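Engineer: Contents of start-v9.txt (compact mmCIF, C-alpha atoms) are given next:
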```txt
# COMPACT_ATOMS: atom_id res chain seq x y z
CA TYR A 1274 0.00 0.00 0.00
CA SER A 1275 1.25 3.43 -0.91
CA GLY A 1276 0.01 5.45 2.04
CA HIS A 1277 -2.92 6.98 0.18
CA ASN A 1278 -4.98 3.87 -0.53
CA ARG A 1279 -6.77 1.98 2.25
CA CYS A 1280 -9.55 -0.45 2.98
CA LEU A 1281 -12.38 0.96 5.09
CA LEU A 1282 -10.46 -0.10 8.18
CA ARG A 1283 -6.66 0.14 8.13
CA SER A 1284 -5.85 -2.88 10.25
CA PRO A 1285 -2.25 -3.58 11.30
CA THR A 1286 -1.87 -6.31 8.66
CA THR A 1287 -3.00 -3.99 5.86
CA ASP A 1288 0.54 -2.69 5.33
CA GLY A 1289 2.29 -4.92 2.82
CA TRP A 1290 -0.86 -6.20 1.13
CA LEU A 1291 -1.03 -5.43 -2.55
CA GLY A 1292 -4.82 -5.64 -2.71
CA PHE A 1293 -4.97 -8.43 -5.30
CA TYR A 1294 -4.18 -12.06 -6.03
CA TYR A 1295 -2.05 -12.82 -9.08
CA SER A 1296 -1.31 -15.88 -11.18
CA PRO A 1297 1.25 -15.44 -13.97
CA ALA A 1298 0.64 -16.50 -17.54
CA SER A 1299 1.33 -20.14 -18.37
CA SER A 1300 3.69 -19.08 -21.13
CA HIS A 1301 5.56 -15.97 -22.21
CA ASN A 1302 2.53 -14.03 -23.37
CA SER A 1303 1.29 -10.55 -22.60
CA SER A 1304 -2.43 -11.22 -22.23
CA TRP A 1305 -4.18 -10.28 -18.99
CA VAL A 1306 -7.57 -10.70 -17.35
CA ILE A 1307 -8.38 -8.56 -14.30
CA PHE A 1308 -11.40 -9.51 -12.20
CA LEU A 1309 -12.90 -7.06 -9.70
CA GLU A 1310 -14.39 -8.68 -6.61
CA GLY A 1311 -18.01 -7.88 -5.77
CA GLY A 1312 -19.87 -7.88 -2.49
CA GLY A 1313 -22.62 -5.29 -2.13
CA TYR A 1314 -22.04 -1.83 -0.69
CA CYS A 1315 -22.47 0.31 2.41
CA ILE A 1316 -24.54 3.48 2.35
CA ASP A 1317 -23.59 5.37 5.52
CA GLU A 1318 -21.14 5.47 8.40
CA GLU A 1319 -23.00 2.87 10.46
CA GLU A 1320 -23.10 0.31 7.66
CA CYS A 1321 -19.55 1.05 6.56
CA PHE A 1322 -18.23 0.74 10.11
CA ALA A 1323 -19.84 -2.70 10.43
CA ARG A 1324 -18.42 -3.65 7.03
CA SER A 1325 -14.93 -2.48 8.05
CA LYS A 1326 -14.73 -5.33 10.57
CA LYS A 1327 -15.18 -7.98 7.88
CA ASP A 1328 -13.37 -9.30 4.81
CA LEU A 1329 -14.98 -6.67 2.56
CA GLY A 1330 -13.67 -3.81 4.68
CA SER A 1331 -10.34 -4.96 6.06
CA SER A 1332 -7.41 -7.01 4.77
CA SER A 1333 -6.69 -8.54 8.17
CA LYS A 1334 -8.48 -11.81 7.37
CA TRP A 1335 -7.68 -12.15 3.68
CA GLU A 1336 -6.55 -15.60 2.60
CA SER A 1337 -2.95 -15.98 1.46
CA VAL A 1338 -3.99 -18.03 -1.59
CA ARG A 1339 -7.13 -18.00 -3.72
CA SER A 1340 -8.30 -20.33 -6.50
CA GLY A 1341 -9.70 -18.94 -9.74
CA THR A 1342 -13.00 -20.04 -11.29
CA GLY A 1343 -14.84 -19.27 -14.51
CA ILE A 1344 -12.95 -16.71 -16.54
CA LEU A 1345 -10.11 -16.95 -13.97
CA SER A 1346 -9.85 -20.75 -14.04
CA ALA A 1347 -6.44 -22.22 -14.86
CA ASP A 1348 -8.08 -25.34 -16.29
CA PRO A 1349 -8.10 -25.24 -20.12
CA LYS A 1350 -11.10 -27.60 -20.18
CA ILE A 1351 -13.13 -25.11 -18.16
CA ASN A 1352 -11.61 -21.91 -19.50
CA PRO A 1353 -9.98 -22.65 -22.87
CA THR A 1354 -9.65 -19.02 -23.98
CA PHE A 1355 -8.32 -17.21 -20.91
CA HIS A 1356 -6.66 -19.92 -18.79
CA GLY A 1357 -3.19 -18.99 -20.06
CA PHE A 1358 -3.55 -15.26 -19.40
CA HIS A 1359 -1.99 -13.42 -16.49
CA ARG A 1360 -4.94 -13.64 -14.08
CA VAL A 1361 -5.65 -11.05 -11.37
CA PHE A 1362 -8.36 -11.04 -8.70
CA VAL A 1363 -8.69 -7.56 -7.15
CA LYS A 1364 -10.04 -7.37 -3.61
CA TYR A 1365 -13.00 -5.09 -2.88
CA CYS A 1366 -12.78 -3.28 0.44
CA ASP A 1367 -14.04 0.30 0.06
CA GLY A 1368 -17.76 -0.44 0.12
CA TYR A 1369 -18.80 1.46 -2.99
CA PHE A 1370 -17.72 0.07 -6.35
CA TYR A 1371 -14.07 1.22 -6.19
CA THR A 1372 -15.32 4.82 -6.54
CA SER A 1373 -15.13 6.26 -3.02
CA ASN A 1374 -12.62 9.08 -2.81
CA ARG A 1375 -12.25 11.16 0.35
CA ASP A 1376 -8.93 12.73 1.37
CA GLN A 1377 -9.53 12.65 5.11
CA LYS A 1378 -10.72 9.82 7.29
CA TYR A 1379 -14.47 9.99 7.85
CA LYS A 1380 -15.22 9.10 11.49
CA GLY A 1381 -12.41 6.58 11.49
CA LEU A 1382 -13.16 5.16 8.03
CA TYR A 1383 -11.06 5.39 4.89
CA LEU A 1384 -13.18 5.92 1.77
CA ARG A 1385 -10.58 5.45 -0.96
CA GLY A 1386 -11.79 2.82 -3.42
CA TYR A 1387 -10.68 4.67 -6.52
CA ARG A 1388 -7.18 5.12 -5.09
CA ASN A 1389 -7.06 1.41 -4.26
CA LEU A 1390 -7.84 0.56 -7.87
CA LYS A 1391 -5.31 3.06 -9.17
CA VAL A 1392 -2.50 1.68 -6.99
CA VAL A 1393 -3.36 -1.89 -8.01
CA LEU A 1394 -3.01 -0.90 -11.67
CA GLN A 1395 0.26 0.92 -11.00
CA THR A 1396 1.62 -2.16 -9.26
CA LEU A 1397 0.51 -4.44 -12.09
CA ASP A 1398 2.06 -2.06 -14.62
CA ALA A 1399 5.44 -2.75 -13.07
CA MET A 1400 4.71 -6.49 -13.35
CA GLY A 1401 4.11 -6.26 -17.10
CA LEU A 1402 0.58 -4.95 -17.51
CA ARG A 1403 1.83 -1.72 -19.07
CA SER A 1404 3.02 -3.67 -22.12
CA ALA A 1405 -0.04 -5.95 -22.36
CA LYS A 1406 -1.21 -6.86 -25.85
CA GLU A 1407 -4.61 -8.03 -24.59
CA LEU A 1408 -6.59 -7.02 -21.50
CA VAL A 1409 -10.00 -8.18 -20.30
CA LEU A 1410 -11.65 -6.38 -17.37
CA SER A 1411 -14.34 -8.38 -15.60
CA GLY A 1412 -16.09 -8.76 -12.25
CA CYS A 1413 -19.34 -9.96 -10.78
CA SER A 1414 -22.08 -8.11 -8.90
CA ALA A 1415 -20.57 -4.93 -7.41
CA GLY A 1416 -17.38 -5.84 -9.25
CA ALA A 1417 -19.32 -5.94 -12.52
CA LEU A 1418 -20.91 -2.58 -11.82
CA SER A 1419 -17.40 -1.32 -11.08
CA THR A 1420 -16.27 -2.76 -14.41
CA ILE A 1421 -18.92 -0.70 -16.19
CA ILE A 1422 -18.04 2.44 -14.23
CA HIS A 1423 -14.27 2.22 -14.69
CA THR A 1424 -13.90 0.50 -18.05
CA ASP A 1425 -13.20 3.67 -20.05
CA TYR A 1426 -10.66 4.82 -17.46
CA ILE A 1427 -8.78 1.53 -17.81
CA LYS A 1428 -9.13 1.49 -21.60
CA ASN A 1429 -7.58 4.95 -21.73
CA ARG A 1430 -4.64 3.79 -19.56
CA TYR A 1431 -3.73 1.17 -22.16
CA PRO A 1432 -4.50 2.76 -25.54
CA HIS A 1433 -2.43 0.32 -27.59
CA THR A 1434 -3.90 -2.82 -26.01
CA LYS A 1435 -6.74 -4.97 -27.33
CA TYR A 1436 -9.27 -4.34 -24.60
CA GLY A 1437 -12.76 -5.39 -23.58
CA ALA A 1438 -15.07 -5.32 -20.55
CA VAL A 1439 -17.05 -8.36 -19.38
CA PRO A 1440 -19.34 -7.44 -16.47
CA ILE A 1441 -21.14 -10.45 -14.93
CA SER A 1442 -24.40 -9.84 -13.04
CA GLY A 1443 -23.74 -6.13 -12.70
CA PHE A 1444 -26.62 -4.49 -14.57
CA PHE A 1445 -29.12 -3.37 -11.92
CA PRO A 1446 -32.31 -1.78 -13.28
CA ILE A 1447 -33.51 1.57 -11.99
CA HIS A 1448 -36.91 0.28 -10.97
CA ALA A 1449 -39.50 0.67 -8.24
CA ASP A 1450 -40.23 -2.29 -6.00
CA TYR A 1451 -43.55 -4.14 -6.13
CA THR A 1452 -45.19 -1.51 -3.89
CA GLY A 1453 -44.02 1.41 -6.06
CA SER A 1454 -41.29 2.47 -3.61
CA THR A 1455 -37.93 3.71 -4.92
CA ASP A 1456 -36.08 3.31 -1.61
CA PHE A 1457 -33.28 1.32 -3.28
CA LEU A 1458 -32.54 4.20 -5.65
CA LYS A 1459 -32.73 6.76 -2.86
CA ALA A 1460 -30.32 4.76 -0.69
CA LEU A 1461 -27.76 4.56 -3.49
CA MET A 1462 -28.08 8.26 -4.22
CA PHE A 1463 -27.36 9.02 -0.56
CA ALA A 1464 -24.41 6.61 -0.58
CA SER A 1465 -22.96 8.22 -3.71
CA LYS A 1466 -22.66 11.52 -1.85
CA PHE A 1467 -21.38 9.88 1.33
CA HIS A 1468 -18.56 8.17 -0.59
CA ASN A 1469 -17.84 11.19 -2.82
CA VAL A 1470 -18.09 9.06 -5.96
CA THR A 1471 -17.86 12.06 -8.25
CA GLY A 1472 -14.22 12.25 -7.17
CA GLY A 1473 -13.65 8.62 -8.11
CA MET A 1474 -14.77 8.46 -11.76
CA PRO A 1475 -12.09 10.49 -13.58
CA ALA A 1476 -12.59 9.10 -17.09
CA ASN A 1477 -16.20 7.99 -16.86
CA ASN A 1478 -17.95 9.45 -19.92
CA CYS A 1479 -21.27 9.59 -18.12
CA PHE A 1480 -19.71 11.71 -15.38
CA LEU A 1481 -17.79 13.92 -17.82
CA THR A 1482 -20.98 14.56 -19.81
CA ARG A 1483 -23.36 15.10 -16.90
CA GLN A 1484 -21.18 16.90 -14.35
CA LYS A 1485 -22.23 20.42 -15.34
CA THR A 1486 -25.83 20.01 -16.38
CA HIS A 1487 -27.25 16.91 -14.69
CA THR A 1488 -26.77 14.74 -11.61
CA PRO A 1489 -23.31 13.19 -12.03
CA SER A 1490 -23.67 10.83 -9.06
CA LEU A 1491 -26.20 8.85 -11.13
CA CYS A 1492 -23.20 7.61 -13.11
CA ALA A 1493 -22.57 5.17 -10.25
CA PHE A 1494 -25.60 3.28 -11.60
CA SER A 1495 -24.84 0.67 -14.24
CA ASN A 1496 -27.46 1.73 -16.77
CA PHE A 1497 -26.32 5.36 -16.75
CA SER A 1498 -22.62 4.57 -17.21
CA TYR A 1499 -23.39 1.83 -19.75
CA ALA A 1500 -25.24 4.32 -21.95
CA TYR A 1501 -22.12 6.47 -22.33
CA LEU A 1502 -19.45 3.79 -22.81
CA ASP A 1503 -16.67 4.03 -25.35
CA SER A 1504 -15.07 0.66 -24.49
CA PRO A 1505 -16.01 -2.63 -26.16
CA ILE A 1506 -18.28 -4.51 -23.76
CA PHE A 1507 -19.90 -7.93 -23.51
CA VAL A 1508 -22.59 -7.89 -20.81
CA ILE A 1509 -23.40 -11.20 -19.09
CA ASN A 1510 -26.52 -11.02 -16.97
CA SER A 1511 -29.81 -12.64 -16.15
CA VAL A 1512 -32.82 -10.42 -16.77
CA LEU A 1513 -34.22 -12.23 -13.71
CA ASP A 1514 -31.13 -11.72 -11.58
CA ARG A 1515 -31.66 -13.07 -8.08
CA TYR A 1516 -30.09 -10.10 -6.30
CA SER A 1517 -32.21 -7.60 -8.21
CA LEU A 1518 -35.42 -9.52 -7.58
CA ASP A 1519 -34.66 -9.87 -3.87
CA ASN A 1520 -33.38 -6.33 -3.24
CA ILE A 1521 -35.00 -4.08 -5.85
CA TRP A 1522 -38.27 -5.74 -6.86
CA LYS A 1523 -38.83 -7.52 -3.51
CA GLY A 1524 -42.06 -9.10 -4.76
CA ASP A 1525 -43.09 -12.66 -5.61
CA SER A 1526 -40.35 -13.94 -3.32
CA SER A 1527 -42.28 -17.03 -2.22
CA CYS A 1528 -42.24 -18.53 -5.70
CA LEU A 1529 -38.67 -17.81 -6.78
CA PRO A 1530 -36.80 -20.94 -5.61
CA HIS A 1531 -36.24 -23.82 -8.01
CA GLN A 1532 -36.36 -21.63 -11.12
CA PHE A 1533 -39.90 -20.30 -10.50
CA SER A 1534 -41.51 -23.75 -10.21
CA ASN A 1535 -43.98 -22.56 -7.55
CA CYS A 1536 -45.13 -19.37 -9.30
CA ASN A 1537 -48.72 -18.76 -10.30
CA GLN A 1538 -49.74 -17.03 -13.52
CA ASN A 1539 -49.90 -13.58 -11.91
CA GLN A 1540 -46.40 -13.99 -10.53
CA ILE A 1541 -45.10 -15.21 -13.88
CA SER A 1542 -46.65 -12.14 -15.47
CA ASP A 1543 -44.91 -9.89 -12.91
CA LEU A 1544 -41.55 -11.53 -13.59
CA ASN A 1545 -41.91 -11.34 -17.35
CA GLU A 1546 -42.78 -7.65 -17.05
CA TRP A 1547 -39.65 -7.17 -14.96
CA GLY A 1548 -37.63 -8.84 -17.70
CA ILE A 1549 -39.24 -6.64 -20.35
CA ASP A 1550 -38.37 -3.53 -18.31
CA PHE A 1551 -34.78 -4.77 -17.95
CA MET A 1552 -34.51 -5.22 -21.70
CA HIS A 1553 -35.96 -1.77 -22.33
CA GLU A 1554 -33.34 -0.15 -20.08
CA ILE A 1555 -30.36 -1.85 -21.67
CA THR A 1556 -31.51 -1.79 -25.30
CA ASN A 1557 -32.63 1.83 -25.28
CA THR A 1558 -29.01 2.99 -25.59
CA ALA A 1559 -26.48 3.53 -28.36
CA THR A 1560 -24.12 1.15 -26.52
CA TRP A 1561 -26.45 -1.79 -27.15
CA VAL A 1562 -26.09 -1.53 -30.94
CA LYS A 1563 -22.53 -0.21 -31.12
CA LYS A 1564 -20.18 -2.27 -33.30
CA GLY A 1565 -17.83 -4.44 -31.29
CA ASN A 1566 -20.22 -4.91 -28.39
CA GLY A 1567 -22.35 -7.87 -27.36
CA ALA A 1568 -24.46 -9.37 -24.58
CA PHE A 1569 -25.61 -12.68 -23.16
CA LEU A 1570 -28.88 -12.25 -21.24
CA SER A 1571 -30.59 -15.32 -19.82
CA THR A 1572 -33.65 -15.93 -17.62
CA CYS A 1573 -31.82 -18.09 -15.06
CA LEU A 1574 -32.62 -17.26 -11.46
CA GLU A 1575 -29.01 -16.66 -10.41
CA HIS A 1576 -26.50 -14.03 -9.42
CA CYS A 1577 -22.84 -14.36 -10.44
CA ALA A 1578 -23.26 -18.02 -11.44
CA VAL A 1579 -21.27 -17.37 -14.62
CA SER A 1580 -18.25 -16.39 -12.52
CA ASN A 1581 -18.17 -20.01 -11.35
CA ASP A 1582 -17.09 -23.06 -13.34
CA VAL A 1583 -20.54 -24.66 -13.64
CA GLY A 1584 -22.44 -21.60 -14.80
CA PHE A 1585 -19.62 -20.59 -17.13
CA ASN A 1586 -19.99 -23.84 -19.05
CA GLN A 1587 -23.66 -24.71 -18.60
CA ILE A 1588 -25.94 -21.75 -19.25
CA SER A 1589 -26.73 -21.48 -22.94
CA ILE A 1590 -29.07 -19.59 -25.24
CA ASN A 1591 -30.22 -21.17 -28.49
CA GLY A 1592 -27.49 -23.80 -28.23
CA THR A 1593 -24.56 -21.44 -27.48
CA ILE A 1594 -22.93 -21.78 -24.06
CA VAL A 1595 -22.01 -18.48 -22.40
CA SER A 1596 -18.27 -19.26 -22.34
CA VAL A 1597 -18.37 -20.01 -26.06
CA ALA A 1598 -20.33 -16.81 -26.76
CA LEU A 1599 -17.73 -14.85 -24.81
CA THR A 1600 -14.88 -16.44 -26.79
CA LYS A 1601 -16.57 -15.69 -30.11
CA TRP A 1602 -16.97 -12.06 -29.09
CA TRP A 1603 -13.40 -11.70 -27.78
CA GLN A 1604 -11.85 -13.27 -30.88
CA SER A 1605 -14.01 -11.31 -33.31
CA ASN A 1606 -13.26 -8.19 -35.26
CA SER A 1607 -14.17 -4.98 -33.44
CA THR A 1608 -16.22 -4.00 -36.47
CA ASP A 1609 -18.64 -6.90 -36.03
CA SER A 1610 -22.20 -5.81 -35.47
CA ALA A 1611 -23.42 -5.99 -31.88
CA LYS A 1612 -26.32 -8.12 -33.10
CA SER A 1613 -23.93 -10.87 -34.21
CA HIS A 1614 -22.75 -11.25 -30.60
CA THR A 1615 -26.03 -10.68 -28.78
CA TYR A 1616 -28.02 -13.47 -27.12
CA THR A 1617 -31.42 -12.45 -25.77
CA PRO A 1618 -33.73 -14.15 -23.26
CA CYS A 1619 -36.93 -16.10 -23.65
CA TYR A 1620 -40.12 -15.48 -21.64
CA LEU A 1621 -41.20 -17.59 -18.68
CA ARG A 1622 -44.07 -19.93 -19.49
CA ASN A 1623 -47.48 -19.73 -17.83
CA SER A 1624 -47.56 -23.52 -17.61
CA ASP A 1625 -45.12 -25.73 -15.73
CA PRO A 1626 -42.15 -25.82 -16.16
CA HIS A 1627 -42.19 -22.04 -16.04
CA GLN A 1628 -38.47 -21.69 -16.75
CA CYS A 1629 -38.15 -21.38 -20.52
CA ASN A 1630 -34.40 -22.05 -20.57
CA PRO A 1631 -33.70 -25.69 -19.65
CA THR A 1632 -29.97 -25.01 -19.12
CA CYS A 1633 -30.84 -23.02 -16.00
CA LYS A 1634 -31.59 -26.26 -14.14
CA GLY A 1635 -29.42 -26.58 -11.05
CA ILE A 1636 -28.07 -23.02 -11.42
CA TYR A 1637 -28.32 -20.69 -8.41
```
Would you kindly transcribe this structure into structure tokens?

Structural biologist:
Amino acid sequence: YSGHNRCLLRSPTTDGWLGFYYSPASSHNSSWVIFLEGGGYCIDEEECFARSKKDLGSSSKWESVRSGTGILSADPKINPTFHGFHRVFVKYCDGYFYTSNRDQKYKGLYLRGYRNLKVVLQTLDAMGLRSAKELVLSGCSAGALSTIIHTDYIKNRYPHTKYGAVPISGFFPIHADYTGSTDFLKALMFASKFHNVTGGMPANNCFLTRQKTHTPSLCAFSNFSYAYLDSPIFVINSVLDRYSLDNIWKGDSSCLPHQFSNCNQNQISDLNEWGIDFMHEITNTATWVKKGNGAFLSTCLEHCAVSNDVGFNQISINGTIVSVALTKWWQSNSTDSAKSHTYTPCYLRNSDPHQCNPTCKGIY
């Protein structure tokens, strides 16, 4: 640690930690994949103080070794495209999408997520990242949202590198819950100010565009930043993401387990409408149709399953497994149409089995 970056709580063992796990390439290549850890967020001093005592707020209990899965797997059978890359897993310990950026401690807490990310990149530069020929930025959940927020910043750091962003389960709709409440949105807006996120998005095109005329803190939301992206991006998400249904929609919870097997027709209608709203948010942007982009959007009831080995090689749409779709996108020409690398979801059935995608079976 450099002295400026910190987890929420600077425990005695924090000094000396680099803030990431690293596995070198299997051969002398200069291809890298960087994966940003997820893990929710904290909205105020009380929540962040509680978080600072745990793994997501302090380095004091971090494991010395970590195994990679999915896009970070070293097994060529599981991860044939990226297994030989330099693989990096970045720890998440600021509580707000690697965007918090306060100079002074706030009631004993360090809010310095952007600085943490910057120092990680500087350290990796000295290990060879600066001369990378290929670089994939990925992450799941909060790490995927962070990928969307910071992808243009990282792309600009490495202008001569083949680059792409692969957020997994990080697109969270701006949507009222089943009662019509927008408390989730309000909480995140409050947290954006608490963490000073507008100081932690230096090359975010959404922020640069909106800072003078609109509300720049909205750029901490995935759909706002996504709409302004310059970087190539391949979004992997379920339109019926479990976290979003549990924490944003909050309705129909009794029927969700086992891929909606206990849902009645009214609940299926609610869930399909949610999926339609999700699709409207992501497709109603120039990013969705921009050449070089793509997406893989399923109806599996899951959150971050594709970051694990099983989901990475099981979930498919129209016969194409997500890991294969990702490879096709990554190995394609940047002038390919987005449509040629876009896989869209089906609709849940009114009759049993309600899940319209049979490859979701056993996925959670």

Engineer: Kindly provide the residues of stretch 1512-1630 of chain A that approach stretch 1451-1455 of chain A to within 12 Å, each paired with its closest atom pair and their distance in Å to one decimal, based on only C-alpha atoms, listed by chain and increasing number, as a tab-separated table.

Structural biologist:
```
residue	atom	partner	partner_atom	distance
A:Leu1518	CA	A:Tyr1451	CA	9.9
A:Asp1519	CA	A:Tyr1451	CA	10.8
A:Asn1520	CA	A:Tyr1451	CA	10.8
A:Ile1521	CA	A:Thr1455	CA	8.4
A:Trp1522	CA	A:Tyr1451	CA	5.6
A:Lys1523	CA	A:Tyr1451	CA	6.4
A:Gly1524	CA	A:Tyr1451	CA	5.4
A:Asp1525	CA	A:Tyr1451	CA	8.5
A:Ser1526	CA	A:Tyr1451	CA	10.7
A:Gln1540	CA	A:Tyr1451	CA	11.2
A:Asp1543	CA	A:Tyr1451	CA	9.0
A:Leu1544	CA	A:Tyr1451	CA	10.7
A:Glu1546	CA	A:Tyr1451	CA	11.5
A:Trp1547	CA	A:Tyr1451	CA	10.1
```

Engineer: Find the spatial neighbours of stretch 1328-1340 of chain A, counting only C-alpha atoms, within a cut-off of 12 Å - ignore same-chain residues fewer than 3 positions away - and output them as number ranges by chain.

Structural biologist: A: 1274, 1279-1296, 1310-1315, 1320-1325, 1343-1348, 1360-1371, 1382-1386, 1415, 1581-1582

Engineer: With all atoms listed in the file as the basis for distance, which of A:Cys1536, A:Ile1447, A:Ala1417, A:Leu1402 is at the shortest distance from A:His1433?

Structural biologist: A:Leu1402

Engineer: For A:Ile1541, which residue among A:Lys1435, A:Lys1326, A:Arg1622, A:Arg1430 is the nearest when counting all atoms listed in the file?

Structural biologist: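 Using all atoms listed in the file, the shortest distance to A:Ile1541 belongs to A:Arg1622.
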
Engineer: Excluding same-chain residues fewer than 3 positions from A:Cys1492, what lies within 6 Å of it counting all atoms listed in the file, as a PyMOL selection string?

Structural biologist: chain A and resi 1479-1480+1489+1497-1498

Engineer: Could you dump the residues just selected with C-alpha atoms as a PDB file, in the coordinates of the input?

Structural biologist:
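Below you can see part-v4.pdb, which holds the result:
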```pdb
ATOM      1  CA  CYS A1479     -21.270   9.590 -18.120  1.00  0.00           C
ATOM      2  CA  PHE A1480     -19.710  11.710 -15.380  1.00  0.00           C
ATOM      3  CA  PRO A1489     -23.310  13.190 -12.030  1.00  0.00           C
ATOM      4  CA  PHE A1497     -26.320   5.360 -16.750  1.00  0.00           C
ATOM      5  CA  SER A1498     -22.620   4.570 -17.210  1.00  0.00           C
TER       6      SER A1498
END
```

Engineer: What's around A:Leu1621 at 9 Å? Count all atoms listed in the file, leave out sequence neighbours fewer than 3 positions away in its own chain, and write the answer as an MDAnalysis selection string.

Structural biologist: chainID A and resid 1533 1541:1542 1544:1545 1572 1624 1626:1630

Engineer: Any idea what's packed within 9 Å of A:Ser1607, counting only C-alpha atoms, ignoring anything in its chain fewer than 4 positions away? Could you give it as a PyMOL selection string?

Structural biologist: chain A and resi 1505+1564-1566+1602-1603

Engineer: Quick one: residues within 12 Å of A:Tyr1431, all atoms listed in the file counted, chain neighbours fewer than 2 positions away excluded, as a PDB file with C-alpha atoms, in the coordinates of the input?

Structural biologist:
```pdb
ATOM      1  CA  TRP A1305      -4.180 -10.280 -18.990  1.00  0.00           C
ATOM      2  CA  LEU A1394      -3.010  -0.900 -11.670  1.00  0.00           C
ATOM      3  CA  GLN A1395       0.260   0.920 -11.000  1.00  0.00           C
ATOM      4  CA  ASP A1398       2.060  -2.060 -14.620  1.00  0.00           C
ATOM      5  CA  GLY A1401       4.110  -6.260 -17.100  1.00  0.00           C
ATOM      6  CA  LEU A1402       0.580  -4.950 -17.510  1.00  0.00           C
ATOM      7  CA  ARG A1403       1.830  -1.720 -19.070  1.00  0.00           C
ATOM      8  CA  SER A1404       3.020  -3.670 -22.120  1.00  0.00           C
ATOM      9  CA  ALA A1405      -0.040  -5.950 -22.360  1.00  0.00           C
ATOM     10  CA  LYS A1406      -1.210  -6.860 -25.850  1.00  0.00           C
ATOM     11  CA  GLU A1407      -4.610  -8.030 -24.590  1.00  0.00           C
ATOM     12  CA  LEU A1408      -6.590  -7.020 -21.500  1.00  0.00           C
ATOM     13  CA  VAL A1409     -10.000  -8.180 -20.300  1.00  0.00           C
ATOM     14  CA  LEU A1410     -11.650  -6.380 -17.370  1.00  0.00           C
ATOM     15  CA  THR A1424     -13.900   0.500 -18.050  1.00  0.00           C
ATOM     16  CA  ASP A1425     -13.200   3.670 -20.050  1.00  0.00           C
ATOM     17  CA  TYR A1426     -10.660   4.820 -17.460  1.00  0.00           C
ATOM     18  CA  ILE A1427      -8.780   1.530 -17.810  1.00  0.00           C
ATOM     19  CA  LYS A1428      -9.130   1.490 -21.600  1.00  0.00           C
ATOM     20  CA  ASN A1429      -7.580   4.950 -21.730  1.00  0.00           C
ATOM     21  CA  HIS A1433      -2.430   0.320 -27.590  1.00  0.00           C
ATOM     22  CA  THR A1434      -3.900  -2.820 -26.010  1.00  0.00           C
ATOM     23  CA  LYS A1435      -6.740  -4.970 -27.330  1.00  0.00           C
ATOM     24  CA  TYR A1436      -9.270  -4.340 -24.600  1.00  0.00           C
ATOM     25  CA  GLY A1437     -12.760  -5.390 -23.580  1.00  0.00           C
ATOM     26  CA  SER A1504     -15.070   0.660 -24.490  1.00  0.00           C
TER      27      SER A1504
END
```

Engineer: Using all atoms listed in the file, can you tell me which of A:Glu1319, A:Ile1351, A:Ser1527, A:Ser1303 comes closest to A:Val1597?

Structural biologist: A:Ile1351

Engineer: So the first atom is atom CA of A:Asn1623 and the second is atom CA of A:Asn1537; what is the distance between them in Å, to one decimal place?

Structural biologist: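 A separation of 7.7 Å between them.
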
Engineer: Which distance in Å separates atom CA of A:Ser1580 and atom CA of A:Ile1509, to one decimal?

Structural biologist: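 Computed distance, atom CA of A:Ser1580 to atom CA of A:Ile1509, equals 9.8 Å.
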
Engineer: For a cutoff of 10 Å around the file-coordinate point (-34.3, -22.5, -7.1), which residues qualify once you count all atoms listed in the file? I'd like the result as an MDAnalysis selection string.

Structural biologist: chainID A and resid 1515 1528:1535 1573:1575 1633:1637

Engineer: Here is a test: counting all atoms listed in the file, which residue of A:Tyr1616, A:Tyr1387, A:Tyr1499, A:Phe1445 is nearest to A:Ile1590?

Structural biologist: A:Tyr1616

Engineer: Would you compute the distance between atom CA of A:Val1595 and atom CA of A:Leu1397? Give it in Å to one decimal.

Structural biologist: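 Interatomic distance, atom CA of A:Val1595 to atom CA of A:Leu1397: 28.5 Å.
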
Engineer: Please determine, counting all atoms listed in the file, which residue among A:Leu1458, A:Ser1419, A:Pro1446, A:Arg1483 has the shortest atom-to-atom distance to A:His1553.

Structural biologist: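 Going through A:Leu1458, A:Ser1419, A:Pro1446, A:Arg1483 one by one, the smallest distance to A:His1553 is for A:Pro1446.
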
Engineer: Using all atoms listed in the file for the distances, tell me which of A:Ser1511, A:Asn1389, A:Ser1465, A:Asn1591 is nearest to A:Thr1488.

Structural biologist: A:Ser1465

Engineer: List as number ranges by chain the residues having at least one atom at most 7 Å from position (-22.3, 10.7, 6.1) as given in the file, counting all atoms listed in the file.

Structural biologist: A: 1317-1318, 1467
